[in-house]
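One structure is given here, and the rest of the page talks about it.
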Amino acid sequence: MQNSPVLGIDIGGSGIKGAPVDLTVGDFTADRLRIPTPTKSTPANVAAVVAEIVANFAAQIGDSPVGITIPSVVTHGITRSAANIDPSWIDAPAAEIFAERLGREVVLVNDADAAGLAEVKYGAAQGQDGIVLVTTLGTGIGSALIYRGVLVPNTELGHLEIDGFDAEKRAAASIRTAEKLSYADYVPRLQRYYETVEALFWPDLFVVGGGVSKDADKFLPKLKLKTPIVPATLRNRAGIIGAAWLAANKLA
């Protein structure tokens, strides 16, 4: 396990956040730094902000690699999609862009994957050795599939077609807000989503994250599933922590 802190950075549509992480306990060693995402969120502009965050924590992290999350499918360091960031990220050699700008090794990962892995290593799914499926209910539905502690990346289960709809267009937390749904009206949509995912993957545990998870007691107990389903515990720290863990372990 890495002894010195490792920097995790979480790129979002409105803000870019970073903090050094103590991987022995899975928590920040300093206050998180948040900088607004540039209005024109191109790779070059975002990399400049990431470099500013790295510089801020340079004395604490030394020459260790940096973990970076991004709202995109990531394959072999290339960003294949762009959710809430500039379209110029599509098929960009993003890991290479960051490495050149930062002058250090980087590990680039989908944001939901990083958050999900953090919940397995340090959060609500810690100690669960089977199949864990972590979902984030937010603007869309993010997903992370972890089997025996190993991440299966880029599952994109928010885009399953269910009853003729892209799942997140019916069950994302943003839809509940936009349509002014009560939790009683929202639960049937979540039931349909999770029972479908359950029938496809048969996980040992569901973990539900995203801002709406703070109200988990209003909807999770009402879902009728064979799989236990629990709220995430790391909240908005999860992406940073998961990215740091991957940076330390993928390059070890």
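FYI, nothing fancy with the structure tokens labels: chains A, B, ... in order, residues from 1 per chain, ligands from 1 as they appear.
Listed by chain and then by rising number, the residues of segment 186-235 of chain A that DSSP assigns to strand (DSSP E or B) from the backbone are Leu205, Phe206, Val207, Val208, Gly209, Ile229, Val230 and Pro231 of chain A.
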Could you give me, as a Markdown table, every segment 27-109 of chain A residue with an atom at most 12 Å from segment 140-150 of chain A, plus its closest atom pair and distance in Å to one decimal, counting only C-alpha atoms, rows ordered by chain then number?
```
| residue | atom | partner | partner_atom | distance |
| --- | --- | --- | --- | --- |
| A:Ile70 | CA | A:Gly142 | CA | 11.9 |
| A:Pro71 | CA | A:Gly142 | CA | 9.3 |
| A:Ser72 | CA | A:Gly142 | CA | 10.4 |
| A:Val73 | CA | A:Gly142 | CA | 10.8 |
| A:Ala83 | CA | A:Gly140 | CA | 9.3 |
| A:Asn84 | CA | A:Gly140 | CA | 10.5 |
| A:Val109 | CA | A:Ala144 | CA | 11.2 |
```
Next, the residues of the selection above should be written as a PDB file, in the first residue's frame with C-alpha atoms.
```pdb
ATOM      1  CA  ILE A  70     -13.781  12.194 -16.052  1.00  0.00           C
ATOM      2  CA  PRO A  71     -17.443  11.937 -17.137  1.00  0.00           C
ATOM      3  CA  SER A  72     -16.610   9.799 -20.141  1.00  0.00           C
ATOM      4  CA  VAL A  73     -16.109   6.233 -21.242  1.00  0.00           C
ATOM      5  CA  ALA A  83     -21.044  13.945 -20.720  1.00  0.00           C
ATOM      6  CA  ASN A  84     -21.328  17.567 -19.565  1.00  0.00           C
ATOM      7  CA  VAL A 109     -10.928   6.560 -15.250  1.00  0.00           C
TER       8      VAL A 109
END
```
Checklist entry - Which value, in Å to one decimal, gives the distance between atom CA of Ser14 of chain A and atom CA of Pro36 of chain A? => result 5.8 Å
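In this comparison, which uses only C-alpha atoms, the residue of A:Asp204, A:Asp113, A:Asp10, A:Glu168 approaching Arg32 of chain A most closely is A:Asp10.
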Checklist outcome for this item: Across A:Leu151, A:Val197, A:Ile175, A:Val208, the smallest distance to Lys121 of chain A, with only C-alpha atoms counted, is shown by A:Leu151
Item to check | Exercise: Lys226 of chain A partners within 12 Å, only C-alpha atoms, chain neighbours under 4 positions left out, as a ChimeraX atom specification | outcome: /A:191,194-199,202-206
Save out the residues we just selected, N, CA and C atoms, as a PDB file, in the first residue's frame.
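What follows is the written file again.pdb:
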```pdb
ATOM      1  N   GLN A 191     -37.809   0.866  -9.020  1.00  0.00           N
ATOM      2  CA  GLN A 191     -38.094  -0.568  -8.951  1.00  0.00           C
ATOM      3  C   GLN A 191     -37.884  -1.221 -10.314  1.00  0.00           C
ATOM      4  N   TYR A 194     -34.002  -1.221 -11.151  1.00  0.00           N
ATOM      5  CA  TYR A 194     -33.150  -2.135 -10.399  1.00  0.00           C
ATOM      6  C   TYR A 194     -33.544  -3.599 -10.590  1.00  0.00           C
ATOM      7  N   GLU A 195     -34.834  -3.895 -10.779  1.00  0.00           N
ATOM      8  CA  GLU A 195     -35.193  -5.287 -11.019  1.00  0.00           C
ATOM      9  C   GLU A 195     -34.669  -5.768 -12.377  1.00  0.00           C
ATOM     10  N   THR A 196     -34.592  -4.856 -13.338  1.00  0.00           N
ATOM     11  CA  THR A 196     -34.039  -5.217 -14.646  1.00  0.00           C
ATOM     12  C   THR A 196     -32.544  -5.482 -14.551  1.00  0.00           C
ATOM     13  N   VAL A 197     -31.835  -4.586 -13.880  1.00  0.00           N
ATOM     14  CA  VAL A 197     -30.392  -4.768 -13.710  1.00  0.00           C
ATOM     15  C   VAL A 197     -30.112  -6.032 -12.904  1.00  0.00           C
ATOM     16  N   GLU A 198     -30.909  -6.265 -11.879  1.00  0.00           N
ATOM     17  CA  GLU A 198     -30.739  -7.462 -11.055  1.00  0.00           C
ATOM     18  C   GLU A 198     -30.874  -8.726 -11.883  1.00  0.00           C
ATOM     19  N   ALA A 199     -31.859  -8.752 -12.773  1.00  0.00           N
ATOM     20  CA  ALA A 199     -32.095  -9.939 -13.590  1.00  0.00           C
ATOM     21  C   ALA A 199     -30.987 -10.186 -14.610  1.00  0.00           C
ATOM     22  N   TRP A 202     -27.373 -10.247 -11.471  1.00  0.00           N
ATOM     23  CA  TRP A 202     -27.453 -10.970 -10.222  1.00  0.00           C
ATOM     24  C   TRP A 202     -26.326 -10.594  -9.248  1.00  0.00           C
ATOM     25  N   PRO A 203     -26.246  -9.338  -8.888  1.00  0.00           N
ATOM     26  CA  PRO A 203     -25.190  -8.915  -7.964  1.00  0.00           C
ATOM     27  C   PRO A 203     -25.450  -9.409  -6.545  1.00  0.00           C
ATOM     28  N   ASP A 204     -24.409  -9.385  -5.733  1.00  0.00           N
ATOM     29  CA  ASP A 204     -24.543  -9.704  -4.309  1.00  0.00           C
ATOM     30  C   ASP A 204     -24.935  -8.479  -3.499  1.00  0.00           C
ATOM     31  N   LEU A 205     -24.679  -7.292  -4.059  1.00  0.00           N
ATOM     32  CA  LEU A 205     -25.007  -6.057  -3.347  1.00  0.00           C
ATOM     33  C   LEU A 205     -25.161  -4.920  -4.340  1.00  0.00           C
ATOM     34  N   PHE A 206     -26.217  -4.116  -4.153  1.00  0.00           N
ATOM     35  CA  PHE A 206     -26.353  -2.831  -4.820  1.00  0.00           C
ATOM     36  C   PHE A 206     -25.936  -1.736  -3.843  1.00  0.00           C
TER      37      PHE A 206
END
```
Next on the checklist: For the structure I just gave you, how does DSSP split segment 39-116 of chain A - specifically, which residues are alpha helix (DSSP H)? Reply as a ChimeraX atom specification.
Outcome noted: /A:43-61,94-102,111-116
Next on the checklist: I need the residue nearest Asp22 of chain A from this list: A:Ala244, A:Ala95, A:Val54, A:Ala172. Use only C-alpha atoms for the distance.
Outcome noted: A:Ala244
Checklist entry - Got a sec: who's within 12 Å of Tyr193 of chain A, counting only C-alpha atoms, leaving out chain neighbours fewer than 2 positions off, as a VMD selection string? => result chain A and resid 135 137 141 157 to 163 165 to 172 186 to 191 195 to 200 223 to 225
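Compared by their closest atoms to His76 of chain A, and using only C-alpha atoms, the residues A:Glu100, A:Asp27, A:Asp129, A:Asp91 rank with A:Asp91 nearest.
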Item to check | Exercise: Asp31 of chain A partners within 9 Å, only C-alpha atoms, chain neighbours under 4 positions left out, as a PyMOL selection string | outcome: chain A and resi 18-20
Item to check | Proximity to Ala114 of chain A - best of A:Gly239, A:Gly15, A:Gly8, A:Pro221, only C-alpha atoms | outcome: A:Gly239
Next on the checklist: as a PyMOL selection string, please: the residues near Pro93 of chain A (cut-off 9 Å, only C-alpha atoms, same-chain neighbours under 5 positions excluded).
Outcome noted: chain A and resi 76-79+98
Store the residues picked out above, limited to all heavy atoms, as a compact mmCIF listing (two decimals), in the first residue's frame.
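Output file part.txt is given in full below:
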```txt
# COMPACT_ATOMS: atom_id res chain seq x y z
N HIS A 76 -8.19 2.57 -22.63
CA HIS A 76 -6.76 2.69 -22.91
C HIS A 76 -6.32 4.17 -22.97
O HIS A 76 -5.54 4.56 -23.83
CB HIS A 76 -6.41 1.97 -24.21
CG HIS A 76 -6.90 0.56 -24.25
ND1 HIS A 76 -6.37 -0.43 -23.46
CD2 HIS A 76 -7.91 -0.02 -24.96
CE1 HIS A 76 -7.01 -1.57 -23.69
NE2 HIS A 76 -7.95 -1.34 -24.58
N GLY A 77 -6.85 4.97 -22.04
CA GLY A 77 -6.44 6.36 -21.95
C GLY A 77 -7.14 7.30 -22.91
O GLY A 77 -6.87 8.51 -22.91
N ILE A 78 -8.03 6.77 -23.74
CA ILE A 78 -8.75 7.59 -24.72
C ILE A 78 -10.19 7.79 -24.25
O ILE A 78 -10.86 6.83 -23.85
CB ILE A 78 -8.74 6.91 -26.10
CG1 ILE A 78 -7.31 6.79 -26.61
CG2 ILE A 78 -9.59 7.69 -27.10
CD1 ILE A 78 -7.16 5.96 -27.86
N THR A 79 -10.65 9.04 -24.26
CA THR A 79 -12.02 9.34 -23.87
C THR A 79 -12.94 9.15 -25.07
O THR A 79 -12.77 9.79 -26.10
CB THR A 79 -12.13 10.78 -23.32
OG1 THR A 79 -11.36 11.66 -24.14
CG2 THR A 79 -11.59 10.85 -21.89
N PHE A 98 -2.98 14.74 -20.38
CA PHE A 98 -2.74 15.05 -18.97
C PHE A 98 -1.29 14.76 -18.57
O PHE A 98 -0.66 15.55 -17.87
CB PHE A 98 -3.69 14.26 -18.08
CG PHE A 98 -5.09 14.78 -18.05
CD1 PHE A 98 -6.16 13.97 -18.44
CD2 PHE A 98 -5.37 16.08 -17.63
CE1 PHE A 98 -7.46 14.46 -18.41
CE2 PHE A 98 -6.68 16.56 -17.61
CZ PHE A 98 -7.72 15.76 -17.99
```
Next on the checklist: Please determine, counting only C-alpha atoms, which residue among A:Pro65, A:Gly242, A:Pro231, A:Pro5 has the shortest atom-to-atom distance to Gly103 of chain A.
Outcome noted: A:Pro65
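Atom CA of Ala243 of chain A to atom CA of Ala216 of chain A spans 25.0 Å [interatomic distance, one decimal].
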I want to know what sits within 8 Å of Val120 of chain A, based on only C-alpha atoms, with residues of the same chain fewer than 4 positions away left out; could you give that as a PDB file with N, CA, C and O atoms, in the first residue's frame?
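File written: result08.pdb
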```pdb
ATOM      1  N   GLY A 116     -17.421   4.007  -7.585  1.00  0.00           N
ATOM      2  CA  GLY A 116     -17.830   2.661  -7.220  1.00  0.00           C
ATOM      3  C   GLY A 116     -16.714   1.864  -6.578  1.00  0.00           C
ATOM      4  O   GLY A 116     -16.911   1.175  -5.571  1.00  0.00           O
ATOM      5  N   ALA A 124     -19.413   1.621   1.575  1.00  0.00           N
ATOM      6  CA  ALA A 124     -20.569   0.796   1.914  1.00  0.00           C
ATOM      7  C   ALA A 124     -20.414  -0.664   1.533  1.00  0.00           C
ATOM      8  O   ALA A 124     -21.097  -1.522   2.090  1.00  0.00           O
ATOM      9  N   ALA A 125     -19.546  -0.971   0.572  1.00  0.00           N
ATOM     10  CA  ALA A 125     -19.368  -2.357   0.125  1.00  0.00           C
ATOM     11  C   ALA A 125     -18.054  -2.960   0.602  1.00  0.00           C
ATOM     12  O   ALA A 125     -17.648  -4.021   0.117  1.00  0.00           O
ATOM     13  N   GLN A 126     -17.403  -2.318   1.540  1.00  0.00           N
ATOM     14  CA  GLN A 126     -16.123  -2.837   2.031  1.00  0.00           C
ATOM     15  C   GLN A 126     -16.320  -4.231   2.621  1.00  0.00           C
ATOM     16  O   GLN A 126     -17.246  -4.477   3.396  1.00  0.00           O
ATOM     17  N   GLY A 127     -15.467  -5.163   2.225  1.00  0.00           N
ATOM     18  CA  GLY A 127     -15.546  -6.528   2.727  1.00  0.00           C
ATOM     19  C   GLY A 127     -16.448  -7.440   1.922  1.00  0.00           C
ATOM     20  O   GLY A 127     -16.510  -8.643   2.188  1.00  0.00           O
ATOM     21  N   GLN A 128     -17.134  -6.898   0.915  1.00  0.00           N
ATOM     22  CA  GLN A 128     -17.999  -7.707   0.054  1.00  0.00           C
ATOM     23  C   GLN A 128     -17.157  -8.295  -1.084  1.00  0.00           C
ATOM     24  O   GLN A 128     -16.648  -7.575  -1.925  1.00  0.00           O
ATOM     25  N   VAL A 132     -20.482  -6.569  -6.803  1.00  0.00           N
ATOM     26  CA  VAL A 132     -21.063  -5.328  -6.290  1.00  0.00           C
ATOM     27  C   VAL A 132     -21.396  -4.440  -7.478  1.00  0.00           C
ATOM     28  O   VAL A 132     -20.575  -4.235  -8.370  1.00  0.00           O
ATOM     29  N   ILE A 146     -18.069  -4.236  -9.907  1.00  0.00           N
ATOM     30  CA  ILE A 146     -16.829  -4.708  -9.281  1.00  0.00           C
ATOM     31  C   ILE A 146     -17.027  -6.157  -8.856  1.00  0.00           C
ATOM     32  O   ILE A 146     -18.005  -6.484  -8.175  1.00  0.00           O
ATOM     33  N   GLY A 149     -13.436  -7.299  -5.871  1.00  0.00           N
ATOM     34  CA  GLY A 149     -12.532  -6.166  -5.734  1.00  0.00           C
ATOM     35  C   GLY A 149     -11.929  -5.659  -7.015  1.00  0.00           C
ATOM     36  O   GLY A 149     -11.160  -4.703  -7.006  1.00  0.00           O
TER      37      GLY A 149
END
```
